[in-house]
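Only one structure is covered here, and it is reproduced in the block below.
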Amino acid sequence: MQKFDSIRPFYDTEVNEAIQSAVNHPMMKALMGFTFPDVEEEVWKSQLQKTHSIRDFQCNFIYQAVQKVLKKSSEGLTTSGFEKLQSNTSYLFISNHRDIILDTSLLNVALFDHGLVMTASAIGDNLVQKSFLKTLSKLNRNFLVQRGLSPRELLESSKLLSEYIGHLLLRENRSVWIAQREGRTKDGNDATHSGVLKMLGMGSDEKSLMDYFKKIKIVPVSISYEYDPTDALKMPQLIAEAKNEIYIKEKNEDFVTLLSGIIGQKKRIHIHVGDVLDKELDAIKTEFDNNNKQIQALTQAIDDSILQSYMLWPTNYIAYDLLHKTDQYAAFYTENEKSLFERRLEMKIDENNPQMVESFLAMYANPVVNKSKYHNAI
């Protein structure tokens with residue numbers, strides 16, 4: 001399977017050599033020091049050097065690191081819907097996307113805790129430009145999505161990616177995580193991009209696209225954080241887009257965002273996995289006779305699942321009421337919670353910039369607007 005070499009994670013036969021090359025890297029020392037603060041360096045190094053599979057690396061090191069992140073920067077992770085999934089079964093998890101690393105890491109923690117197949121996960125190659133980060137991502141079963149390509153290169157890359165995802169799901173019985181859109185949602189409006197589904201469909205060997213999507217078992221995933229640790233970092237891009245300006249990232253912006261998402265305060269976090277899309281695909285196949293209309297209908301079905309099951313927190317209701325100068329949702333939060341949120345707003349955002357304040361509040365308020373469109377969802 002050499003055709004996938006440019007994007008795939010390590011094979012287990014390559015894991016130990018990769019670990020040996022990275023074990024003395026300062027970032028590995030920082031990661032292990034954070035994860036195992038009471039363990040001597042020689043001890044964790046010895047354990048790492050005995051590791052020969054991705055699963056062992058994930059279970060013995062990454063799982064522990066994520067637990068430490070949860071302990072230090074959150075008030076805990078809750079989950080729902082996982083009991084509906086079958087063990088030893090692969091699924092395509094299509095998820096809303098808020099945090100670069102944690103969305104997929106937390107899903108894998110939940111899958112492991114429920115005895116389910118963990119995922120191979122898509123990551124943009126722009127996020128792993130540093131050689132250590134690329135090694136770490138390949139040790140954590142990430143596969144690369146190539147960014148910044150010409151239209152012709154993009155088509156070839158999409159075909160390869162689609163074929164690889166199909167190979168993982170149908171040949172290796174490996175679940176896959178992919179975001180519903182390129183890049184994170186920055187304004188709180190979670191929406192599936194049809195281009196993601198078109199890419200996935202390129203790997204189809206079925207006459208009907210919907211039959212292929214049934215075969216790969218699509219599960220919409222909704223993840224929500226009470227506080228977004230990167231909320232203020234998202235503001236410059238949102239303001240630029242509101243002014244129809246081209247936003248150019250700072251040199252290390254992705255890395256700063258990645259780190260802030262991991263160590264910043266999140267309070268409570270919830271992940272819900274929806275039902276496997278099945279009867280919805282049958283209905284779409286019956287109702288629409290061309291692929292574009294079917295893709296659009298599937299996009300809506302995924303959005304409906306994600307938005308309806310999105311966990312709303314007091315921060316969302318407070319932001320809505322502050323933005324709209326109302327007390328419509330006052331029953332959903334306390335005065336103390338409101339004061340804490342307003343304090344966060346003061347600390348993170350220049351209150352003399354009304355556009356920035358409005359964008360910050362809208363980021364938290366939009367999930368309330370989106371969920372309220374569904375009868376009895378709130």
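Chain labels run A, B, ... following the order of the structure tokens; each chain numbers its residues from 1, and ligands are numbered from 1 in the order shown.
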
Nearby residues (only C-alpha atoms) at most 10 Å from A:Thr104, same-chain spacing under 6 positions excluded, as a PyMOL selection string
chain A and resi 93+95+97+110+118-123+142+176-179+223

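Every protein, DNA or RNA residue with an atom at most 12 Å from A:Asn173, where only C-alpha atoms count and chain neighbours fewer than 6 positions away do not, is listed here: Ser87, Asn88, Thr89, Ser90, Tyr91, Leu92, Leu116, Val117, Met118, Thr119, Ala120, Ile165, Gly166, His167, Lys215, Ile216 and Lys217 of chain A.
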
Name the residues in contact with stretch 66-73 of chain A at a cut-off of 10 Å, using only C-alpha atoms, excluding same-chain residues fewer than 3 positions from it; report them as a VMD selection string.
chain A and resid 34 to 36 61 to 63 76 to 77 102 105 to 106 108 to 109 229 261 to 269

Output file for the residues above (N, CA and C atoms, as a PDB file, in the first residue's frame):
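Wrote it out as selection_36.pdb, contents follow:
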```pdb
ATOM      1  N   PHE A  34       4.751  16.819  31.846  1.00  0.00           N
ATOM      2  CA  PHE A  34       3.386  17.251  32.170  1.00  0.00           C
ATOM      3  C   PHE A  34       2.515  16.053  32.545  1.00  0.00           C
ATOM      4  N   THR A  35       2.657  14.970  31.792  1.00  0.00           N
ATOM      5  CA  THR A  35       1.791  13.799  31.975  1.00  0.00           C
ATOM      6  C   THR A  35       2.157  13.001  33.220  1.00  0.00           C
ATOM      7  N   PHE A  36       3.451  12.861  33.448  1.00  0.00           N
ATOM      8  CA  PHE A  36       3.926  12.054  34.584  1.00  0.00           C
ATOM      9  C   PHE A  36       4.866  12.884  35.461  1.00  0.00           C
ATOM     10  N   PHE A  61       0.374   6.402  26.983  1.00  0.00           N
ATOM     11  CA  PHE A  61       0.947   7.746  27.067  1.00  0.00           C
ATOM     12  C   PHE A  61      -0.069   8.845  26.699  1.00  0.00           C
ATOM     13  N   ILE A  62      -0.655   8.760  25.488  1.00  0.00           N
ATOM     14  CA  ILE A  62      -1.567   9.820  25.060  1.00  0.00           C
ATOM     15  C   ILE A  62      -2.843   9.839  25.910  1.00  0.00           C
ATOM     16  N   TYR A  63      -3.401   8.670  26.197  1.00  0.00           N
ATOM     17  CA  TYR A  63      -4.595   8.610  27.055  1.00  0.00           C
ATOM     18  C   TYR A  63      -4.315   9.274  28.401  1.00  0.00           C
ATOM     19  N   GLY A  76     -14.234  18.392  33.753  1.00  0.00           N
ATOM     20  CA  GLY A  76     -14.600  17.030  33.405  1.00  0.00           C
ATOM     21  C   GLY A  76     -15.279  16.880  32.053  1.00  0.00           C
ATOM     22  N   LEU A  77     -15.195  15.655  31.551  1.00  0.00           N
ATOM     23  CA  LEU A  77     -15.793  15.281  30.265  1.00  0.00           C
ATOM     24  C   LEU A  77     -16.978  14.362  30.513  1.00  0.00           C
ATOM     25  N   LEU A 102      -7.833  18.574  20.694  1.00  0.00           N
ATOM     26  CA  LEU A 102      -8.664  17.921  21.708  1.00  0.00           C
ATOM     27  C   LEU A 102      -9.932  17.269  21.163  1.00  0.00           C
ATOM     28  N   SER A 105      -8.882  13.855  20.231  1.00  0.00           N
ATOM     29  CA  SER A 105      -8.275  13.162  21.378  1.00  0.00           C
ATOM     30  C   SER A 105      -9.331  12.769  22.409  1.00  0.00           C
ATOM     31  N   LEU A 106     -10.261  13.671  22.665  1.00  0.00           N
ATOM     32  CA  LEU A 106     -11.321  13.379  23.639  1.00  0.00           C
ATOM     33  C   LEU A 106     -12.278  12.312  23.116  1.00  0.00           C
ATOM     34  N   ASN A 108     -11.435   9.876  21.205  1.00  0.00           N
ATOM     35  CA  ASN A 108     -10.729   8.604  21.356  1.00  0.00           C
ATOM     36  C   ASN A 108     -10.686   8.129  22.805  1.00  0.00           C
ATOM     37  N   VAL A 109     -10.580   9.054  23.742  1.00  0.00           N
ATOM     38  CA  VAL A 109     -10.669   8.691  25.163  1.00  0.00           C
ATOM     39  C   VAL A 109     -12.025   8.046  25.444  1.00  0.00           C
ATOM     40  N   PRO A 229     -11.148  27.874  25.091  1.00  0.00           N
ATOM     41  CA  PRO A 229      -9.895  28.495  25.526  1.00  0.00           C
ATOM     42  C   PRO A 229      -9.223  29.353  24.455  1.00  0.00           C
ATOM     43  N   GLY A 261      -5.403  25.750  23.195  1.00  0.00           N
ATOM     44  CA  GLY A 261      -6.553  24.860  23.260  1.00  0.00           C
ATOM     45  C   GLY A 261      -6.346  23.735  24.252  1.00  0.00           C
ATOM     46  N   ILE A 262      -5.107  23.272  24.355  1.00  0.00           N
ATOM     47  CA  ILE A 262      -4.814  22.160  25.254  1.00  0.00           C
ATOM     48  C   ILE A 262      -4.788  22.608  26.715  1.00  0.00           C
ATOM     49  N   ILE A 263      -4.072  23.706  27.001  1.00  0.00           N
ATOM     50  CA  ILE A 263      -3.851  24.077  28.408  1.00  0.00           C
ATOM     51  C   ILE A 263      -4.843  25.105  28.935  1.00  0.00           C
ATOM     52  N   GLY A 264      -5.595  25.778  28.038  1.00  0.00           N
ATOM     53  CA  GLY A 264      -6.534  26.816  28.487  1.00  0.00           C
ATOM     54  C   GLY A 264      -7.761  26.221  29.183  1.00  0.00           C
ATOM     55  N   GLN A 265      -8.391  27.033  30.028  1.00  0.00           N
ATOM     56  CA  GLN A 265      -9.547  26.577  30.816  1.00  0.00           C
ATOM     57  C   GLN A 265     -10.775  26.351  29.923  1.00  0.00           C
ATOM     58  N   LYS A 266     -11.394  25.179  30.089  1.00  0.00           N
ATOM     59  CA  LYS A 266     -12.561  24.814  29.277  1.00  0.00           C
ATOM     60  C   LYS A 266     -13.823  24.601  30.104  1.00  0.00           C
ATOM     61  N   LYS A 267     -13.653  24.503  31.430  1.00  0.00           N
ATOM     62  CA  LYS A 267     -14.745  24.094  32.323  1.00  0.00           C
ATOM     63  C   LYS A 267     -15.329  22.763  31.854  1.00  0.00           C
ATOM     64  N   ARG A 268     -16.641  22.673  31.653  1.00  0.00           N
ATOM     65  CA  ARG A 268     -17.222  21.368  31.309  1.00  0.00           C
ATOM     66  C   ARG A 268     -17.164  21.111  29.795  1.00  0.00           C
ATOM     67  N   ILE A 269     -17.059  19.820  29.455  1.00  0.00           N
ATOM     68  CA  ILE A 269     -17.006  19.407  28.045  1.00  0.00           C
ATOM     69  C   ILE A 269     -17.981  18.248  27.864  1.00  0.00           C
TER      70      ILE A 269
END
```

Shell of 7 Å around stretch 316-326 of chain A, only C-alpha atoms, local chain residues under 5 positions omitted, as a list of chain:residue names:
A:Phe332, A:Lys338, A:Glu358, A:Leu361, A:Tyr364, A:Ala365, A:Val368

Next, write the just-selected residues to a file, as a PDB file, in the first residue's frame, keeping all heavy atoms as the atom set.
```
ATOM      1  N   PHE A 332     -31.513  29.713  32.863  1.00  0.00           N
ATOM      2  CA  PHE A 332     -30.494  28.702  32.560  1.00  0.00           C
ATOM      3  C   PHE A 332     -29.112  29.039  33.144  1.00  0.00           C
ATOM      4  O   PHE A 332     -28.145  28.335  32.878  1.00  0.00           O
ATOM      5  CB  PHE A 332     -30.363  28.507  31.045  1.00  0.00           C
ATOM      6  CG  PHE A 332     -31.576  27.871  30.417  1.00  0.00           C
ATOM      7  CD1 PHE A 332     -32.608  28.643  29.920  1.00  0.00           C
ATOM      8  CD2 PHE A 332     -31.678  26.492  30.344  1.00  0.00           C
ATOM      9  CE1 PHE A 332     -33.728  28.052  29.337  1.00  0.00           C
ATOM     10  CE2 PHE A 332     -32.790  25.891  29.769  1.00  0.00           C
ATOM     11  CZ  PHE A 332     -33.825  26.672  29.267  1.00  0.00           C
ATOM     12  N   LYS A 338     -23.020  34.490  35.400  1.00  0.00           N
ATOM     13  CA  LYS A 338     -23.046  35.648  34.507  1.00  0.00           C
ATOM     14  C   LYS A 338     -21.890  36.596  34.813  1.00  0.00           C
ATOM     15  O   LYS A 338     -21.199  37.090  33.900  1.00  0.00           O
ATOM     16  CB  LYS A 338     -24.379  36.388  34.636  1.00  0.00           C
ATOM     17  CG  LYS A 338     -24.542  37.532  33.635  1.00  0.00           C
ATOM     18  CD  LYS A 338     -25.900  38.199  33.779  1.00  0.00           C
ATOM     19  CE  LYS A 338     -26.058  39.321  32.764  1.00  0.00           C
ATOM     20  NZ  LYS A 338     -27.349  40.036  32.935  1.00  0.00           N
ATOM     21  N   GLU A 358     -19.157  42.149  20.042  1.00  0.00           N
ATOM     22  CA  GLU A 358     -20.289  41.470  19.400  1.00  0.00           C
ATOM     23  C   GLU A 358     -19.875  40.112  18.828  1.00  0.00           C
ATOM     24  O   GLU A 358     -20.591  39.118  18.978  1.00  0.00           O
ATOM     25  CB  GLU A 358     -20.848  42.357  18.278  1.00  0.00           C
ATOM     26  CG  GLU A 358     -22.112  41.795  17.648  1.00  0.00           C
ATOM     27  CD  GLU A 358     -22.731  42.747  16.637  1.00  0.00           C
ATOM     28  OE1 GLU A 358     -22.768  43.962  16.896  1.00  0.00           O
ATOM     29  OE2 GLU A 358     -23.168  42.254  15.584  1.00  0.00           O
ATOM     30  N   LEU A 361     -19.398  37.597  21.743  1.00  0.00           N
ATOM     31  CA  LEU A 361     -20.684  37.136  22.275  1.00  0.00           C
ATOM     32  C   LEU A 361     -21.397  36.221  21.283  1.00  0.00           C
ATOM     33  O   LEU A 361     -21.972  35.197  21.662  1.00  0.00           O
ATOM     34  CB  LEU A 361     -21.573  38.330  22.635  1.00  0.00           C
ATOM     35  CG  LEU A 361     -21.111  39.186  23.820  1.00  0.00           C
ATOM     36  CD1 LEU A 361     -22.005  40.415  23.974  1.00  0.00           C
ATOM     37  CD2 LEU A 361     -21.103  38.377  25.114  1.00  0.00           C
ATOM     38  N   TYR A 364     -20.444  32.504  21.247  1.00  0.00           N
ATOM     39  CA  TYR A 364     -21.078  31.687  22.282  1.00  0.00           C
ATOM     40  C   TYR A 364     -22.600  31.606  22.099  1.00  0.00           C
ATOM     41  O   TYR A 364     -23.214  30.612  22.489  1.00  0.00           O
ATOM     42  CB  TYR A 364     -20.766  32.260  23.670  1.00  0.00           C
ATOM     43  CG  TYR A 364     -19.375  31.931  24.171  1.00  0.00           C
ATOM     44  CD1 TYR A 364     -18.324  32.829  24.012  1.00  0.00           C
ATOM     45  CD2 TYR A 364     -19.106  30.718  24.793  1.00  0.00           C
ATOM     46  CE1 TYR A 364     -17.041  32.530  24.471  1.00  0.00           C
ATOM     47  CE2 TYR A 364     -17.833  30.405  25.258  1.00  0.00           C
ATOM     48  CZ  TYR A 364     -16.800  31.319  25.088  1.00  0.00           C
ATOM     49  OH  TYR A 364     -15.538  31.003  25.548  1.00  0.00           O
ATOM     50  N   ALA A 365     -23.195  32.644  21.522  1.00  0.00           N
ATOM     51  CA  ALA A 365     -24.652  32.709  21.408  1.00  0.00           C
ATOM     52  C   ALA A 365     -25.204  31.924  20.220  1.00  0.00           C
ATOM     53  O   ALA A 365     -26.329  31.417  20.275  1.00  0.00           O
ATOM     54  CB  ALA A 365     -25.094  34.173  21.290  1.00  0.00           C
ATOM     55  N   VAL A 368     -27.074  28.624  20.572  1.00  0.00           N
ATOM     56  CA  VAL A 368     -28.435  28.750  21.115  1.00  0.00           C
ATOM     57  C   VAL A 368     -29.408  29.034  19.975  1.00  0.00           C
ATOM     58  O   VAL A 368     -30.481  28.419  19.876  1.00  0.00           O
ATOM     59  CB  VAL A 368     -28.517  29.882  22.168  1.00  0.00           C
ATOM     60  CG1 VAL A 368     -29.948  30.030  22.693  1.00  0.00           C
ATOM     61  CG2 VAL A 368     -27.542  29.624  23.320  1.00  0.00           C
TER      62      VAL A 368
END
```

Write out as JSON, numbers by chain which residues come within 8 Å of A:Asp275 when counting only C-alpha atoms, dropping same-chain ones fewer than 5 positions away.
{"A": [81, 84, 219, 220]}

Just the residues within 12 Å of A:Asp5, please, counting only C-alpha atoms, with nothing from its chain fewer than 4 positions along; format it as a compact mmCIF listing (two decimals) with all heavy atoms, in the first residue's frame.
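Written file, around-v6.txt:
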```txt
# COMPACT_ATOMS: atom_id res chain seq x y z
N MET A 1 0.83 -1.21 0.00
CA MET A 1 0.00 0.00 0.00
C MET A 1 0.87 1.27 0.00
O MET A 1 0.60 2.23 0.72
CB MET A 1 -0.93 -0.01 1.22
CG MET A 1 -1.83 -1.23 1.33
SD MET A 1 -2.78 -1.55 -0.18
CE MET A 1 -3.83 -0.11 -0.22
N PRO A 9 -0.40 7.33 8.88
CA PRO A 9 0.37 7.27 10.12
C PRO A 9 1.41 6.15 10.04
O PRO A 9 1.50 5.45 9.02
CB PRO A 9 -0.69 6.95 11.18
CG PRO A 9 -1.80 6.31 10.45
CD PRO A 9 -1.78 6.87 9.05
N PHE A 10 2.17 5.97 11.10
CA PHE A 10 3.16 4.89 11.11
C PHE A 10 2.48 3.52 11.13
O PHE A 10 1.40 3.36 11.70
CB PHE A 10 4.05 4.98 12.36
CG PHE A 10 5.00 6.15 12.35
CD1 PHE A 10 4.99 7.08 13.38
CD2 PHE A 10 5.91 6.33 11.31
CE1 PHE A 10 5.86 8.15 13.39
CE2 PHE A 10 6.78 7.40 11.30
CZ PHE A 10 6.75 8.32 12.35
N TYR A 11 3.11 2.56 10.51
CA TYR A 11 2.76 1.16 10.77
C TYR A 11 3.38 0.79 12.11
O TYR A 11 4.38 1.40 12.54
CB TYR A 11 3.32 0.24 9.67
CG TYR A 11 2.73 0.45 8.29
CD1 TYR A 11 3.55 0.50 7.17
CD2 TYR A 11 1.35 0.58 8.13
CE1 TYR A 11 3.01 0.68 5.89
CE2 TYR A 11 0.81 0.75 6.86
CZ TYR A 11 1.64 0.81 5.75
OH TYR A 11 1.11 1.00 4.49
N LYS A 138 1.89 11.11 13.69
CA LYS A 138 1.87 9.78 13.05
C LYS A 138 1.89 8.66 14.09
O LYS A 138 1.36 7.57 13.86
CB LYS A 138 3.06 9.65 12.09
CG LYS A 138 2.92 10.55 10.85
CD LYS A 138 4.17 10.56 9.99
CE LYS A 138 4.32 9.28 9.22
NZ LYS A 138 5.42 9.35 8.22
N PHE A 143 -3.67 10.93 10.01
CA PHE A 143 -3.28 10.94 8.60
C PHE A 143 -3.42 12.36 8.08
O PHE A 143 -4.22 13.15 8.58
CB PHE A 143 -4.10 9.93 7.78
CG PHE A 143 -5.59 10.14 7.82
CD1 PHE A 143 -6.23 10.95 6.90
CD2 PHE A 143 -6.36 9.49 8.79
CE1 PHE A 143 -7.61 11.13 6.92
CE2 PHE A 143 -7.74 9.66 8.82
CZ PHE A 143 -8.37 10.49 7.89
N LEU A 144 -2.62 12.69 7.08
CA LEU A 144 -2.48 14.08 6.65
C LEU A 144 -3.48 14.48 5.57
O LEU A 144 -3.70 13.74 4.61
CB LEU A 144 -1.06 14.32 6.11
CG LEU A 144 0.09 14.12 7.11
CD1 LEU A 144 1.42 14.38 6.42
CD2 LEU A 144 -0.08 15.03 8.32
N LEU A 160 -6.90 10.50 -3.35
CA LEU A 160 -6.05 9.66 -2.52
C LEU A 160 -6.60 9.58 -1.09
O LEU A 160 -6.67 8.50 -0.49
CB LEU A 160 -4.62 10.22 -2.50
CG LEU A 160 -3.59 9.40 -1.71
CD1 LEU A 160 -3.30 8.07 -2.41
CD2 LEU A 160 -2.29 10.20 -1.52
N LEU A 161 -7.00 10.72 -0.57
CA LEU A 161 -7.54 10.79 0.79
C LEU A 161 -8.81 9.97 0.91
O LEU A 161 -8.99 9.19 1.87
CB LEU A 161 -7.82 12.26 1.15
CG LEU A 161 -8.16 12.61 2.59
CD1 LEU A 161 -7.03 12.21 3.53
CD2 LEU A 161 -8.45 14.10 2.71
N TYR A 164 -8.00 6.32 0.84
CA TYR A 164 -7.38 5.89 2.09
C TYR A 164 -8.41 5.74 3.21
O TYR A 164 -8.39 4.76 3.96
CB TYR A 164 -6.28 6.87 2.51
CG TYR A 164 -5.56 6.42 3.76
CD1 TYR A 164 -4.88 5.20 3.80
CD2 TYR A 164 -5.56 7.20 4.91
CE1 TYR A 164 -4.23 4.77 4.94
CE2 TYR A 164 -4.91 6.78 6.06
CZ TYR A 164 -4.25 5.56 6.07
OH TYR A 164 -3.61 5.13 7.21
```

Do you know which residues are at most 12 Å from A:Ile302 counting only C-alpha atoms, after dropping those on the same chain fewer than 5 positions away, and could you put them as a compact mmCIF listing (two decimals) with C-alpha atoms, in the first residue's frame?
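What ended up in result.txt:
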```
# COMPACT_ATOMS: atom_id res chain seq x y z
CA PHE A 93 -17.25 10.02 12.77
CA ILE A 94 -18.07 13.39 11.19
CA SER A 95 -17.68 15.99 13.90
CA ASN A 96 -18.11 19.68 14.50
CA ALA A 179 -14.14 17.41 10.75
CA GLN A 180 -17.34 18.55 9.04
CA ARG A 181 -15.40 21.39 7.40
CA ASP A 190 -21.35 24.52 13.08
CA ALA A 191 -22.07 23.60 9.47
CA THR A 192 -21.03 20.66 7.32
CA HIS A 193 -19.30 21.62 4.08
CA SER A 194 -20.48 19.66 1.06
CA VAL A 196 -16.01 17.12 2.65
CA LEU A 197 -18.78 14.71 1.59
CA ILE A 218 -21.55 7.74 9.18
CA VAL A 219 -21.96 8.89 12.80
CA PRO A 220 -22.39 12.64 13.43
CA VAL A 221 -20.53 13.85 16.52
CA SER A 222 -21.30 16.96 18.56
CA VAL A 273 -22.43 10.65 19.21
CA GLY A 274 -25.57 10.50 17.11
CA ASP A 275 -27.24 7.51 15.50
CA VAL A 276 -25.59 5.88 12.50
CA LEU A 277 -27.17 7.54 9.47
CA ASP A 278 -29.18 4.79 7.80
CA GLU A 280 -31.91 9.05 6.37
CA LEU A 281 -29.75 7.77 3.50
CA ILE A 295 -24.98 15.50 -1.01
CA GLN A 296 -26.86 18.64 0.03
CA ALA A 297 -29.55 16.58 1.76
CA LEU A 307 -27.04 20.92 16.17
CA GLN A 308 -29.90 19.17 17.95
CA SER A 309 -27.58 17.21 20.23
```
